file query_36.cif (mmCIF, C-alpha atoms)
data_start
loop_
_atom_site.label_atom_id
_atom_site.label_comp_id
_atom_site.auth_asym_id
_atom_site.auth_seq_id
_atom_site.Cartn_x
_atom_site.Cartn_y
_atom_site.Cartn_z
CA MET A 1 4.31 7.35 50.38
CA PHE A 2 5.64 8.39 46.96
CA HIS A 3 9.13 9.83 46.99
CA GLY A 4 9.84 12.73 44.71
CA GLY A 5 6.38 14.31 45.00
CA LEU A 6 3.16 13.86 43.08
CA PRO A 7 3.18 13.66 39.30
CA PRO A 8 2.12 16.71 37.30
CA GLY A 9 -1.58 17.37 37.85
CA GLY A 10 -1.60 16.17 41.48
CA MET A 11 -4.00 13.37 42.41
CA GLU A 12 -5.74 13.49 39.05
CA GLY A 13 -2.42 13.02 37.30
CA MET A 14 -1.55 10.10 39.57
CA ARG A 15 -4.94 8.44 38.85
CA SER A 16 -4.49 8.78 35.10
CA ARG A 17 -0.94 7.47 35.33
CA PHE A 18 -1.58 4.37 37.43
CA PHE A 19 -5.18 3.40 36.59
CA PRO A 20 -6.48 1.97 34.41
CA PRO A 21 -3.44 -0.10 33.40
CA VAL A 22 -2.01 0.45 29.95
CA PHE A 23 -1.64 -2.74 27.85
CA LYS A 24 1.11 -2.30 25.31
CA GLY A 25 1.03 -5.89 24.03
CA ARG A 26 -0.50 -6.34 20.60
CA LEU A 27 -3.08 -8.85 19.36
CA HIS A 28 -5.57 -8.10 22.15
CA ASP A 29 -7.91 -7.25 19.30
CA ALA A 30 -11.28 -8.30 17.95
CA ARG A 31 -9.87 -10.22 14.99
CA THR A 32 -7.73 -12.47 17.21
CA ALA A 33 -10.60 -12.94 19.65
CA THR A 34 -13.00 -13.81 16.83
CA SER A 35 -10.61 -16.32 15.23
CA ILE A 36 -10.01 -18.19 18.49
CA GLY A 37 -13.65 -17.79 19.48
CA ARG A 38 -14.82 -19.69 16.41
CA TRP A 39 -12.72 -22.71 17.36
CA LEU A 40 -13.75 -22.46 21.00
CA GLY A 41 -17.42 -22.17 20.08
CA LEU A 42 -17.18 -25.29 17.94
CA ALA A 43 -15.47 -27.22 20.75
CA PHE A 44 -18.15 -26.13 23.22
CA ALA A 45 -20.94 -27.07 20.80
CA VAL A 46 -19.55 -30.57 20.22
CA CYS A 47 -18.88 -31.06 23.92
CA PHE A 48 -22.38 -29.91 24.88
CA CYS A 49 -24.22 -32.06 22.32
CA THR A 50 -22.24 -35.21 23.11
CA GLY A 51 -22.64 -34.46 26.82
CA LEU A 52 -26.42 -34.42 26.39
CA ILE A 53 -26.22 -37.84 24.74
CA SER A 54 -24.15 -39.17 27.62
CA HIS A 55 -26.48 -37.73 30.24
CA PHE A 56 -29.64 -39.14 28.65
CA MET A 57 -27.98 -42.52 28.14
CA GLN A 58 -27.15 -42.66 31.85
CA HIS A 59 -30.25 -40.95 33.22
CA PRO A 60 -33.02 -41.23 30.62
CA PRO A 61 -36.32 -39.47 31.32
CA GLY A 62 -39.32 -41.75 31.68
CA TRP A 63 -40.55 -41.29 28.12
CA LEU A 64 -37.14 -42.31 26.76
CA ALA A 65 -36.16 -45.07 29.18
CA ASN A 66 -37.55 -47.91 27.07
CA GLU A 67 -36.52 -46.49 23.71
CA LEU A 68 -32.76 -46.03 23.92
CA PRO A 69 -31.16 -47.70 20.88
CA SER A 70 -28.71 -50.56 21.20
CA ARG A 71 -27.13 -49.87 17.80
CA PRO A 72 -24.66 -48.91 16.52
CA VAL A 73 -22.66 -50.93 19.01
CA TRP A 74 -19.90 -48.29 19.00
CA GLY A 75 -22.30 -45.35 19.39
CA TYR A 76 -21.58 -44.44 23.02
CA ARG A 77 -17.89 -45.14 22.59
CA PHE A 78 -17.73 -42.60 19.77
CA THR A 79 -19.86 -39.86 21.34
CA GLN A 80 -18.27 -40.06 24.79
CA GLY A 81 -14.76 -40.19 23.35
CA LEU A 82 -15.62 -37.11 21.30
CA HIS A 83 -17.11 -35.44 24.37
CA VAL A 84 -13.93 -35.80 26.41
CA ALA A 85 -11.64 -35.00 23.47
CA SER A 86 -13.50 -31.78 22.64
CA GLY A 87 -13.53 -30.77 26.30
CA ILE A 88 -9.78 -31.25 26.60
CA ALA A 89 -9.20 -29.39 23.32
CA ALA A 90 -11.26 -26.49 24.67
CA ILE A 91 -8.84 -25.91 27.56
CA PRO A 92 -5.99 -24.28 25.57
CA LEU A 93 -8.57 -22.54 23.39
CA LEU A 94 -10.25 -20.99 26.44
CA LEU A 95 -6.93 -19.87 27.89
CA ALA A 96 -5.95 -18.26 24.58
CA LYS A 97 -9.34 -16.60 24.28
CA LEU A 98 -9.08 -15.17 27.79
CA TRP A 99 -5.59 -13.85 26.99
CA THR A 100 -6.87 -11.93 24.00
CA VAL A 101 -9.70 -10.23 25.90
CA TYR A 102 -8.45 -9.83 29.47
CA PRO A 103 -7.44 -6.14 29.06
CA ARG A 104 -11.15 -5.38 28.77
CA LEU A 105 -11.53 -6.42 32.40
CA PHE A 106 -9.77 -3.17 33.28
CA GLU A 107 -11.94 -0.86 31.21
CA TRP A 108 -12.62 2.48 32.86
CA PRO A 109 -15.20 3.38 33.90
CA PRO A 110 -16.17 -0.23 34.67
CA VAL A 111 -19.85 0.41 33.91
CA ARG A 112 -20.97 2.90 31.29
CA SER A 113 -24.65 2.04 31.00
CA VAL A 114 -27.27 -0.48 32.00
CA ARG A 115 -26.64 -2.41 28.76
CA HIS A 116 -22.90 -2.41 29.41
CA ALA A 117 -23.46 -3.63 32.98
CA LEU A 118 -25.63 -6.51 31.78
CA GLU A 119 -23.04 -7.40 29.16
CA ARG A 120 -20.27 -7.54 31.77
CA VAL A 121 -22.39 -9.68 34.07
CA SER A 122 -23.15 -12.11 31.22
CA VAL A 123 -19.44 -12.32 30.37
CA ALA A 124 -18.62 -13.04 34.02
CA VAL A 125 -21.18 -15.86 34.08
CA LEU A 126 -19.83 -17.20 30.77
CA VAL A 127 -16.21 -17.24 31.93
CA ALA A 128 -17.02 -18.71 35.35
CA ALA A 129 -19.22 -21.45 33.87
CA ALA A 130 -16.62 -22.31 31.21
CA LEU A 131 -13.79 -22.57 33.74
CA PHE A 132 -15.98 -24.65 36.06
CA GLU A 133 -17.07 -27.07 33.34
CA LEU A 134 -13.59 -27.65 31.94
CA ALA A 135 -11.91 -27.93 35.33
CA THR A 136 -14.44 -30.36 36.83
CA GLY A 137 -14.69 -32.34 33.60
CA LEU A 138 -10.91 -32.74 33.48
CA LEU A 139 -10.78 -33.91 37.10
CA ASN A 140 -13.59 -36.36 36.37
CA THR A 141 -11.45 -38.05 33.71
CA ALA A 142 -8.99 -38.82 36.50
CA GLN A 143 -11.80 -39.77 38.92
CA TRP A 144 -10.66 -37.11 41.38
CA TYR A 145 -13.51 -35.29 43.13
CA PRO A 146 -12.19 -32.68 45.61
CA TRP A 147 -15.70 -31.31 46.22
CA THR A 148 -18.84 -32.33 48.07
CA PHE A 149 -21.51 -31.63 45.44
CA PRO A 150 -22.80 -34.40 43.11
CA PHE A 151 -20.70 -34.10 39.96
CA VAL A 152 -23.16 -35.41 37.37
CA GLN A 153 -26.11 -33.22 38.33
CA VAL A 154 -24.09 -30.03 38.84
CA HIS A 155 -21.98 -30.52 35.72
CA TYR A 156 -25.15 -31.01 33.69
CA ALA A 157 -26.87 -27.92 35.14
CA VAL A 158 -23.87 -25.65 34.65
CA ALA A 159 -23.55 -26.86 31.04
CA TRP A 160 -26.97 -25.34 30.30
CA LEU A 161 -25.92 -22.14 32.09
CA LEU A 162 -22.77 -22.01 29.95
CA VAL A 163 -24.65 -22.50 26.70
CA GLY A 164 -27.21 -19.85 27.61
CA ALA A 165 -24.49 -17.33 28.46
CA LEU A 166 -22.62 -18.21 25.27
CA VAL A 167 -25.68 -17.70 23.07
CA LEU A 168 -26.36 -14.35 24.75
CA HIS A 169 -22.73 -13.29 24.32
CA ILE A 170 -22.74 -14.17 20.62
CA ALA A 171 -25.97 -12.26 20.12
CA VAL A 172 -24.58 -9.14 21.81
CA LYS A 173 -21.25 -9.33 19.98
CA ALA A 174 -22.69 -10.33 16.59
CA PRO A 175 -21.88 -7.02 14.84
CA GLU A 176 -18.29 -7.06 16.09
CA ILE A 177 -17.89 -10.74 15.20
CA ALA A 178 -19.22 -10.12 11.69
CA ALA A 179 -16.86 -7.18 11.23
CA HIS A 180 -13.82 -9.35 12.04
CA TRP A 181 -14.97 -12.75 10.74
CA SER A 182 -12.53 -13.02 7.81
CA ARG A 183 -9.30 -11.44 6.64
CA ARG A 184 -11.25 -9.24 4.20
CA SER A 185 -13.91 -8.10 6.68
CA ALA A 186 -14.09 -4.36 7.26
CA GLY A 187 -13.04 -4.53 10.91
CA THR A 188 -10.05 -6.74 10.13
CA LEU A 189 -8.84 -4.41 7.36
CA SER A 190 -8.94 -1.48 9.78
CA LEU A 191 -6.41 -3.14 12.10
CA PRO A 192 -2.65 -2.49 11.71
CA ALA A 193 -1.38 -4.52 8.77
CA GLU A 194 1.91 -5.22 10.52
CA ASP A 195 0.05 -7.31 13.15
CA ALA A 196 -1.18 -9.89 10.64
CA PRO A 197 1.99 -12.09 10.55
CA ASP A 198 2.17 -12.19 14.35
CA ARG A 199 -1.53 -12.99 14.56
CA ARG A 200 -1.08 -15.91 12.20
CA SER A 201 1.85 -17.13 14.30
CA LEU A 202 -0.24 -16.91 17.47
CA LEU A 203 -3.12 -18.82 15.90
CA ALA A 204 -0.71 -21.47 14.63
CA ALA A 205 0.72 -21.86 18.13
CA VAL A 206 -2.77 -22.23 19.62
CA ALA A 207 -3.66 -24.83 16.97
CA ALA A 208 -0.45 -26.72 17.78
CA ALA A 209 -1.32 -26.71 21.49
CA VAL A 210 -4.80 -28.03 20.77
CA GLY A 211 -3.35 -30.73 18.53
CA ALA A 212 -0.77 -31.72 21.14
CA VAL A 213 -3.23 -32.17 24.02
CA THR A 214 -5.65 -34.01 21.74
CA VAL A 215 -3.12 -36.43 20.28
CA THR A 216 -1.63 -37.22 23.70
CA THR A 217 -5.02 -38.00 25.29
CA VAL A 218 -7.42 -39.26 22.60
CA GLY A 219 -5.62 -42.62 22.43
CA GLN A 220 -7.50 -43.71 25.55
CA SER A 221 -10.58 -44.12 23.34
CA PHE A 222 -9.17 -44.04 19.78
CA THR A 223 -6.94 -47.06 20.24
CA PRO A 224 -4.87 -46.65 17.02
CA LEU A 225 -3.26 -43.71 18.89
CA LYS A 226 -2.97 -45.51 22.23
CA ASP A 227 0.84 -45.47 22.15
CA LEU A 228 0.73 -41.66 22.06
CA ALA A 229 -1.66 -41.32 25.01
CA LEU A 230 1.05 -39.89 27.25
CA LEU A 231 -1.23 -37.45 29.09
CA ALA A 232 -4.35 -39.64 29.28
CA PRO A 233 -5.28 -40.79 32.79
CA ARG A 234 -6.04 -44.29 31.45
CA HIS A 235 -4.31 -46.51 28.92
CA PRO A 236 -6.75 -48.90 27.20
CA ASP A 237 -4.41 -51.88 27.60
CA HIS A 238 -3.65 -51.48 31.30
CA GLY A 239 -5.76 -53.56 33.65
CA PRO A 240 -6.73 -57.12 34.52
CA GLU A 241 -7.11 -59.29 31.42
CA GLY A 242 -5.96 -56.35 29.25
CA LEU A 243 -8.89 -54.09 30.13
CA PRO A 244 -8.96 -51.09 32.53
CA VAL A 245 -11.08 -51.15 35.68
CA ASN A 246 -12.82 -48.18 37.27
CA ARG A 247 -14.27 -49.79 40.39
CA THR A 248 -12.51 -52.77 41.88
CA ALA A 249 -14.24 -55.54 43.80
CA ALA A 250 -12.71 -54.20 47.02
CA ALA A 251 -13.98 -50.66 46.35
CA ALA A 252 -17.47 -52.03 45.67
CA GLY A 253 -17.50 -54.04 48.88
CA VAL A 254 -17.69 -57.36 47.05
CA GLY A 255 -16.01 -60.07 49.05
CA LEU A 256 -14.87 -63.44 47.84
CA ILE A 257 -17.73 -65.04 45.92
CA HIS A 258 -17.64 -68.82 46.08
CA ALA A 259 -18.82 -70.52 42.89
CA GLU A 260 -20.81 -73.14 44.76
CA ARG A 261 -22.73 -70.50 46.73
CA TYR A 262 -23.51 -68.14 43.87
CA ARG A 263 -27.11 -67.89 42.72
CA LEU A 264 -28.57 -65.80 39.91
CA THR A 265 -32.24 -64.95 40.38
CA ILE A 266 -34.39 -64.09 37.37
CA SER A 267 -37.61 -62.49 38.58
CA GLY A 268 -40.47 -62.49 36.10
CA PRO A 269 -43.80 -64.18 35.44
CA ARG A 270 -41.87 -67.41 35.99
CA LEU A 271 -39.29 -66.84 38.72
CA TYR A 272 -36.28 -69.14 38.79
CA THR A 273 -32.68 -69.30 40.00
CA LEU A 274 -29.50 -70.62 38.45
CA THR A 275 -26.24 -71.75 39.97
CA LEU A 276 -22.97 -70.80 38.32
CA ASP A 277 -22.59 -74.35 36.95
CA GLU A 278 -26.10 -74.13 35.48
CA LEU A 279 -25.23 -70.80 33.85
CA ARG A 280 -22.11 -72.33 32.35
CA ALA A 281 -24.14 -75.25 31.03
CA LEU A 282 -26.48 -72.98 29.05
CA PRO A 283 -25.67 -72.16 25.39
CA GLN A 284 -22.70 -69.79 25.38
CA HIS A 285 -22.31 -66.96 22.90
CA GLU A 286 -19.27 -64.86 22.07
CA VAL A 287 -19.43 -61.20 21.07
CA GLU A 288 -16.95 -58.39 20.55
CA LEU A 289 -18.13 -55.24 22.31
CA PRO A 290 -16.43 -52.17 23.77
CA ILE A 291 -16.46 -50.99 27.32
CA ALA A 292 -16.87 -47.21 27.04
CA CYS A 293 -16.66 -45.23 30.27
CA VAL A 294 -17.81 -41.71 31.01
CA GLU A 295 -14.23 -40.68 31.82
CA GLY A 296 -13.40 -41.03 28.13
CA TRP A 297 -11.51 -44.31 27.88
CA SER A 298 -12.80 -47.30 25.93
CA LYS A 299 -11.58 -50.67 24.70
CA SER A 300 -13.13 -53.48 22.68
CA ALA A 301 -12.95 -57.00 24.09
CA HIS A 302 -14.24 -60.51 23.47
CA TRP A 303 -16.99 -61.56 25.85
CA THR A 304 -18.52 -65.00 26.32
CA GLY A 305 -21.71 -65.74 28.18
CA VAL A 306 -25.46 -66.32 28.12
CA ARG A 307 -27.74 -64.07 26.08
CA VAL A 308 -29.98 -62.01 28.35
CA VAL A 309 -32.89 -62.46 25.94
CA ASP A 310 -32.71 -66.24 26.48
CA LEU A 311 -32.90 -65.78 30.25
CA LEU A 312 -35.85 -63.40 29.89
CA GLU A 313 -37.79 -65.68 27.59
CA ARG A 314 -37.38 -68.54 30.04
CA ALA A 315 -38.86 -66.21 32.70
CA GLY A 316 -41.84 -65.42 30.45
CA ALA A 317 -40.93 -61.73 30.05
CA PRO A 318 -43.13 -59.68 27.67
CA ALA A 319 -41.43 -58.51 24.49
CA HIS A 320 -41.43 -54.83 25.48
CA ALA A 321 -40.50 -55.28 29.14
CA ARG A 322 -37.68 -53.34 30.73
CA VAL A 323 -35.16 -55.14 32.93
CA ARG A 324 -33.60 -54.11 36.23
CA VAL A 325 -30.11 -55.46 36.83
CA VAL A 326 -29.03 -55.71 40.48
CA SER A 327 -25.43 -56.11 41.56
CA LEU A 328 -24.02 -57.91 44.60
CA GLN A 329 -21.90 -54.85 45.41
CA THR A 330 -22.62 -53.27 48.77
CA ARG A 331 -21.37 -49.70 48.23
CA GLY A 332 -20.79 -47.20 45.47
CA GLY A 333 -23.06 -45.81 42.80
CA TYR A 334 -24.84 -47.68 40.02
CA ARG A 335 -25.47 -50.79 42.10
CA VAL A 336 -28.75 -51.05 40.14
CA SER A 337 -29.21 -50.28 36.45
CA GLU A 338 -32.13 -50.61 34.07
CA MET A 339 -32.31 -51.63 30.42
CA GLY A 340 -35.02 -50.82 27.94
CA HIS A 341 -36.37 -53.54 25.69
CA GLU A 342 -33.99 -52.55 22.85
CA HIS A 343 -30.97 -53.51 24.93
CA ALA A 344 -32.60 -56.38 26.78
CA ARG A 345 -33.69 -58.09 23.55
CA ASP A 346 -30.55 -57.40 21.56
CA PRO A 347 -28.80 -60.72 20.81
CA LEU A 348 -25.43 -59.08 21.58
CA THR A 349 -26.43 -58.34 25.19
CA LEU A 350 -24.87 -60.99 27.41
CA LEU A 351 -24.59 -61.98 30.99
CA ALA A 352 -20.87 -62.50 30.47
CA LEU A 353 -18.87 -65.18 32.27
CA ARG A 354 -15.59 -64.88 30.37
CA LEU A 355 -13.44 -62.04 29.06
CA ASN A 356 -10.93 -62.49 26.25
CA GLY A 357 -11.12 -66.26 26.67
CA GLU A 358 -10.54 -66.24 30.44
CA GLU A 359 -12.89 -66.50 33.39
CA LEU A 360 -13.83 -63.04 34.66
CA SER A 361 -11.49 -61.68 37.30
CA PRO A 362 -13.10 -60.35 40.51
CA ASP A 363 -12.45 -56.76 39.40
CA HIS A 364 -14.22 -57.39 36.09
CA GLY A 365 -17.34 -58.73 37.79
CA TYR A 366 -16.82 -62.44 38.60
CA PRO A 367 -18.86 -64.55 38.45
CA ALA A 368 -21.17 -62.75 35.99
CA ARG A 369 -21.54 -59.25 34.58
CA LEU A 370 -23.63 -57.44 32.04
CA ILE A 371 -22.21 -56.42 28.67
CA ALA A 372 -24.47 -54.70 26.15
CA PRO A 373 -23.93 -52.69 22.95
CA ASN A 374 -24.08 -48.88 22.89
CA ARG A 375 -24.27 -48.55 26.68
CA PRO A 376 -22.22 -46.47 29.17
CA GLY A 377 -19.66 -48.42 31.14
CA VAL A 378 -21.22 -47.46 34.48
CA LEU A 379 -24.37 -49.31 33.38
CA GLN A 380 -22.50 -52.49 32.38
CA THR A 381 -23.30 -53.88 35.82
CA LYS A 382 -20.74 -56.16 37.45
CA TRP A 383 -21.25 -58.95 40.02
CA VAL A 384 -24.83 -59.48 38.82
CA GLY A 385 -27.04 -61.29 41.34
CA ARG A 386 -30.53 -60.58 40.03
CA LEU A 387 -32.45 -59.75 36.86
CA GLU A 388 -35.92 -58.31 37.39
CA VAL A 389 -38.52 -58.08 34.63
CA LEU A 390 -40.35 -54.74 34.77
CA SER A 391 -43.71 -54.03 33.20
#
call {"tool": "encode", "arguments": {"input": "query_36.cif", "output": "structure tokens"}}
result
Amino acid sequence: MFHGGLPPGGMEGMRSRFFPPVFKGRLHDARTATSIGRWLGLAFAVCFCTGLISHFMQHPPGWLANELPSRPVWGYRFTQGLHVASGIAAIPLLLAKLWTVYPRLFEWPPVRSVRHALERVSVAVLVAAALFELATGLLNTAQWYPWTFPFVQVHYAVAWLLVGALVLHIAVKAPEIAAHWSRRSAGTLSLPAEDAPDRRSLLAAVAAAVGAVTVTTVGQSFTPLKDLALLAPRHPDHGPEGLPVNRTAAAAGVGLIHAERYRLTISGPRLYTLTLDELRALPQHEVELPIACVEGWSKSAHWTGVRVVDLLERAGAPAHARVRVVSLQTRGGYRVSEMGHEHARDPLTLLALRLNGEELSPDHGYPARLIAPNRPGVLQTKWVGRLEVLS
């Protein structure tokens, strides 16, 4: 009940007074939205392209499985670090973008035409997909999955939905974007001149926020900034033997592996097995390669072990054969991984026995693990028990 009676005009006056809401704040304008939108669009484009690289490196289609390159050795480290950094940078940009445009959610009437209805639906899909991708991606960096759906497949599918909605939105808004693209554009010049200083201050604050979240997280992969990685879920120096661990031996169901009982089986035209002492007696090679994980962290380390190509040649493997690597782990994903001939034949690809001069710890894959250049960390199989030559 309203005390004091109805406003002038009765119910109609009350409707006009209380709905739609009146937004008196400034800078909810097309110029501000366009300026922030350019940065956000760039972040989404980088994140999407690097995400495609990551997905195809982890789950290559059949025609690509044997052709993935092993060089440059830092390739996956760079692209995945950029993927996570651009995704994190997009979070404050998306929030700022939504702030500039949210009054339009209360437009009245809500639907003016079929075209306007389709536009609003596309914007709803765009916003929902963007929030979903950034929220789930951020939780993935911390390896926290409070949902029941498979993250990789759903995150990949929604990324395509997001890009499609974004392209449609840009196409629909192209005239308005063009009119407010620069300070001298016609639409920008028609806005109140007194708003320009405040707009510049707002954009500077958004840029500072993006810079702050980037600098305090990117050190997990860009190690020169590791001391500033205050908000990163992983520090590249924290972990056994100075290297982080995603899945421990306990989490993978790997019990105590006794050196005298360990056997490595190499299955090929000439099947054979090796004990751990026999592996250690083979020519040992040392390489410096990074571990680069999908969560965004990476760290270079010194690895010592037997070249996989030497093991394959002893088994009589054809030059273009793929290799299946099977772990001794009993639970968890990526128990089995496959390598194309580029990785399998690369002289830097090792069955590593030592890390940074020390015998592998159980959490790093004792007694033997795979380490290969330009390869996602989840495919650097630990606790290797079998190498299988594939035709």
call {"tool": "resolve_selection", "arguments": {"input": "query_36.cif", "expression": "the PyMOL selection byres ((chain A and resi 273) around 12)", "output": "short mmCIF file (atom, residue, chain, number, x, y, z; two decimals) with C-alpha atoms, keeping the file's coordinate frame"}}
result
data_model
loop_
_atom_site.label_atom_id
_atom_site.label_comp_id
_atom_site.auth_asym_id
_atom_site.auth_seq_id
_atom_site.Cartn_x
_atom_site.Cartn_y
_atom_site.Cartn_z
CA TYR A 262 -23.51 -68.14 43.87
CA ARG A 263 -27.11 -67.89 42.72
CA LEU A 264 -28.57 -65.80 39.91
CA THR A 265 -32.24 -64.95 40.38
CA ILE A 266 -34.39 -64.09 37.37
CA SER A 267 -37.61 -62.49 38.58
CA GLY A 268 -40.47 -62.49 36.10
CA ARG A 270 -41.87 -67.41 35.99
CA LEU A 271 -39.29 -66.84 38.72
CA TYR A 272 -36.28 -69.14 38.79
CA LEU A 274 -29.50 -70.62 38.45
CA THR A 275 -26.24 -71.75 39.97
CA LEU A 276 -22.97 -70.80 38.32
CA ASP A 277 -22.59 -74.35 36.95
CA GLU A 278 -26.10 -74.13 35.48
CA LEU A 279 -25.23 -70.80 33.85
CA LEU A 311 -32.90 -65.78 30.25
CA ARG A 314 -37.38 -68.54 30.04
CA ALA A 315 -38.86 -66.21 32.70
CA GLY A 385 -27.04 -61.29 41.34
CA ARG A 386 -30.53 -60.58 40.03
CA LEU A 387 -32.45 -59.75 36.86
CA GLU A 388 -35.92 -58.31 37.39
#
call {"tool": "closest_atom_pairs", "arguments": {"input": "query_36.cif", "of": "region 27-109 of chain A", "to": "region 155-178 of chain A", "cutoff": "10 Å", "atoms": "only C-alpha atoms", "output": "CSV"}}
result
residue,atom,partner,partner_atom,distance
A:Ala30,CA,A:Glu176,CA,7.4
A:Arg31,CA,A:Ile177,CA,8.0
A:Ala33,CA,A:Ile177,CA,8.8
A:Thr34,CA,A:Ile177,CA,6.0
A:Ser35,CA,A:Ile177,CA,9.2
A:Gly37,CA,A:Ile177,CA,9.3
A:Arg38,CA,A:Ile177,CA,9.5
A:Gly41,CA,A:Leu166,CA,8.3
A:Phe44,CA,A:Val163,CA,8.2
A:Ala45,CA,A:Val163,CA,8.3
A:Cys47,CA,A:Ala159,CA,9.5
A:Phe48,CA,A:Ala159,CA,7.0
A:Gly51,CA,A:Tyr156,CA,8.1
A:Leu52,CA,A:Tyr156,CA,8.2
A:His55,CA,A:Tyr156,CA,7.7
call {"tool": "resolve_selection", "arguments": {"input": "query_36.cif", "expression": "the PyMOL selection byres ((chain A and resi 59-67) around 7)", "output": "PDB file with C-alpha atoms, keeping the file's coordinate frame"}}
result
ATOM      1  CA  HIS A  55     -26.480 -37.730  30.240  1.00  0.00           C
ATOM      2  CA  PHE A  56     -29.640 -39.140  28.650  1.00  0.00           C
ATOM      3  CA  MET A  57     -27.980 -42.520  28.140  1.00  0.00           C
ATOM      4  CA  GLN A  58     -27.150 -42.660  31.850  1.00  0.00           C
ATOM      5  CA  LEU A  68     -32.760 -46.030  23.920  1.00  0.00           C
ATOM      6  CA  PRO A  69     -31.160 -47.700  20.880  1.00  0.00           C
ATOM      7  CA  ARG A 322     -37.680 -53.340  30.730  1.00  0.00           C
ATOM      8  CA  GLY A 340     -35.020 -50.820  27.940  1.00  0.00           C
ATOM      9  CA  HIS A 341     -36.370 -53.540  25.690  1.00  0.00           C
ATOM     10  CA  GLU A 342     -33.990 -52.550  22.850  1.00  0.00           C
TER      11      GLU A 342
END
call {"tool": "atom_distance", "arguments": {"input": "query_36.cif", "atom1": "CA of Pro236 (chain A)", "atom2": "CA of Ala344 (chain A)"}}
result
26.9 Å
call {"tool": "residues_around", "arguments": {"input": "query_36.cif", "residues": "region 365-373 of chain A", "least_positions_apart": "2", "cutoff": "6 Å", "atoms": "only C-alpha atoms", "output": "short mmCIF file (atom, residue, chain, number, x, y, z; two decimals) with C-alpha atoms, in the frame of the given file"}}
result
data_model
loop_
_atom_site.label_atom_id
_atom_site.label_comp_id
_atom_site.auth_asym_id
_atom_site.auth_seq_id
_atom_site.Cartn_x
_atom_site.Cartn_y
_atom_site.Cartn_z
CA SER A 70 -28.71 -50.56 21.20
CA VAL A 73 -22.66 -50.93 19.01
CA THR A 349 -26.43 -58.34 25.19
CA LEU A 350 -24.87 -60.99 27.41
CA LEU A 351 -24.59 -61.98 30.99
CA ALA A 352 -20.87 -62.50 30.47
CA LEU A 353 -18.87 -65.18 32.27
CA LEU A 360 -13.83 -63.04 34.66
CA SER A 361 -11.49 -61.68 37.30
CA PRO A 362 -13.10 -60.35 40.51
CA ASP A 363 -12.45 -56.76 39.40
CA ARG A 375 -24.27 -48.55 26.68
CA GLN A 380 -22.50 -52.49 32.38
CA THR A 381 -23.30 -53.88 35.82
CA LYS A 382 -20.74 -56.16 37.45
CA TRP A 383 -21.25 -58.95 40.02
CA VAL A 384 -24.83 -59.48 38.82
#
call {"tool": "resolve_selection", "arguments": {"input": "query_36.cif", "expression": "the PyMOL selection byres ((chain A and resi 203-218) around 6)", "output": "PDB file with C-alpha atoms, in the frame of the given file"}}
result
ATOM      1  CA  ALA A  89      -9.200 -29.390  23.320  1.00  0.00           C
ATOM      2  CA  ARG A 200      -1.080 -15.910  12.200  1.00  0.00           C
ATOM      3  CA  SER A 201       1.850 -17.130  14.300  1.00  0.00           C
ATOM      4  CA  LEU A 202      -0.240 -16.910  17.470  1.00  0.00           C
ATOM      5  CA  GLY A 219      -5.620 -42.620  22.430  1.00  0.00           C
ATOM      6  CA  GLN A 220      -7.500 -43.710  25.550  1.00  0.00           C
ATOM      7  CA  SER A 221     -10.580 -44.120  23.340  1.00  0.00           C
ATOM      8  CA  PHE A 222      -9.170 -44.040  19.780  1.00  0.00           C
ATOM      9  CA  LEU A 228       0.730 -41.660  22.060  1.00  0.00           C
ATOM     10  CA  ALA A 229      -1.660 -41.320  25.010  1.00  0.00           C
ATOM     11  CA  LEU A 230       1.050 -39.890  27.250  1.00  0.00           C
ATOM     12  CA  LEU A 231      -1.230 -37.450  29.090  1.00  0.00           C
ATOM     13  CA  ALA A 232      -4.350 -39.640  29.280  1.00  0.00           C
TER      14      ALA A 232
END
call {"tool": "closest_residue", "arguments": {"input": "query_36.cif", "among": "A:Leu191, A:Val389, A:Leu243, A:Leu256", "to": "Pro269 (chain A)", "atoms": "all atoms listed in the file"}}
result
A:Val389
call {"tool": "residues_near_point", "arguments": {"input": "query_36.cif", "point": "(-27.4, -49.3, 44.3)", "cutoff": "12 Å", "atoms": "all atoms listed in the file", "output": "list in words"}}
result
Ala252, Gly253, Arg324, Val325, Val326, Ser327, Leu328, Gln329, Thr330, Arg331, Gly332, Gly333, Tyr334, Arg335, Val336, Ser337, Glu338, Val378, Leu379, Thr381, Lys382 and Val384 of chain A
call {"tool": "atom_distance", "arguments": {"input": "query_36.cif", "atom1": "CA of Arg199 (chain A)", "atom2": "CA of Leu27 (chain A)"}}
result
6.5 Å
call {"tool": "closest_residue", "arguments": {"input": "query_36.cif", "among": "A:Glu295, A:Glu286, A:Asp29, A:Glu119", "to": "Gly137 (chain A)", "atoms": "only C-alpha atoms"}}
result
A:Glu295
call {"tool": "axis_aligned_box", "arguments": {"input": "query_36.cif", "around": "region 181-186 of chain A", "padding_each_side": "3 Å", "output": "AutoDock Vina command-line options"}}
result
--center_x -12.1 --center_y -8.7 --center_z 7.5 --size_x 11.7 --size_y 14.7 --size_z 12.5
call {"tool": "closest_residue", "arguments": {"input": "query_36.cif", "among": "A:Leu390, A:Leu42, A:Ala193, A:Val111", "to": "Gly316 (chain A)", "atoms": "only C-alpha atoms"}}
result
A:Leu390
call {"tool": "closest_residue", "arguments": {"input": "query_36.cif", "among": "A:Val84, A:Val309, A:Ala43, A:Ala317", "to": "Pro347 (chain A)", "atoms": "all atoms listed in the file"}}
result
A:Val309
call {"tool": "residues_around", "arguments": {"input": "query_36.cif", "residues": "Pro233 (chain A)", "least_positions_apart": "5", "cutoff": "10 Å", "atoms": "all atoms listed in the file", "output": "JSON, numbers by chain"}}
result
{"A": [138, 139, 141, 142, 143, 217, 220, 295, 296, 297]}
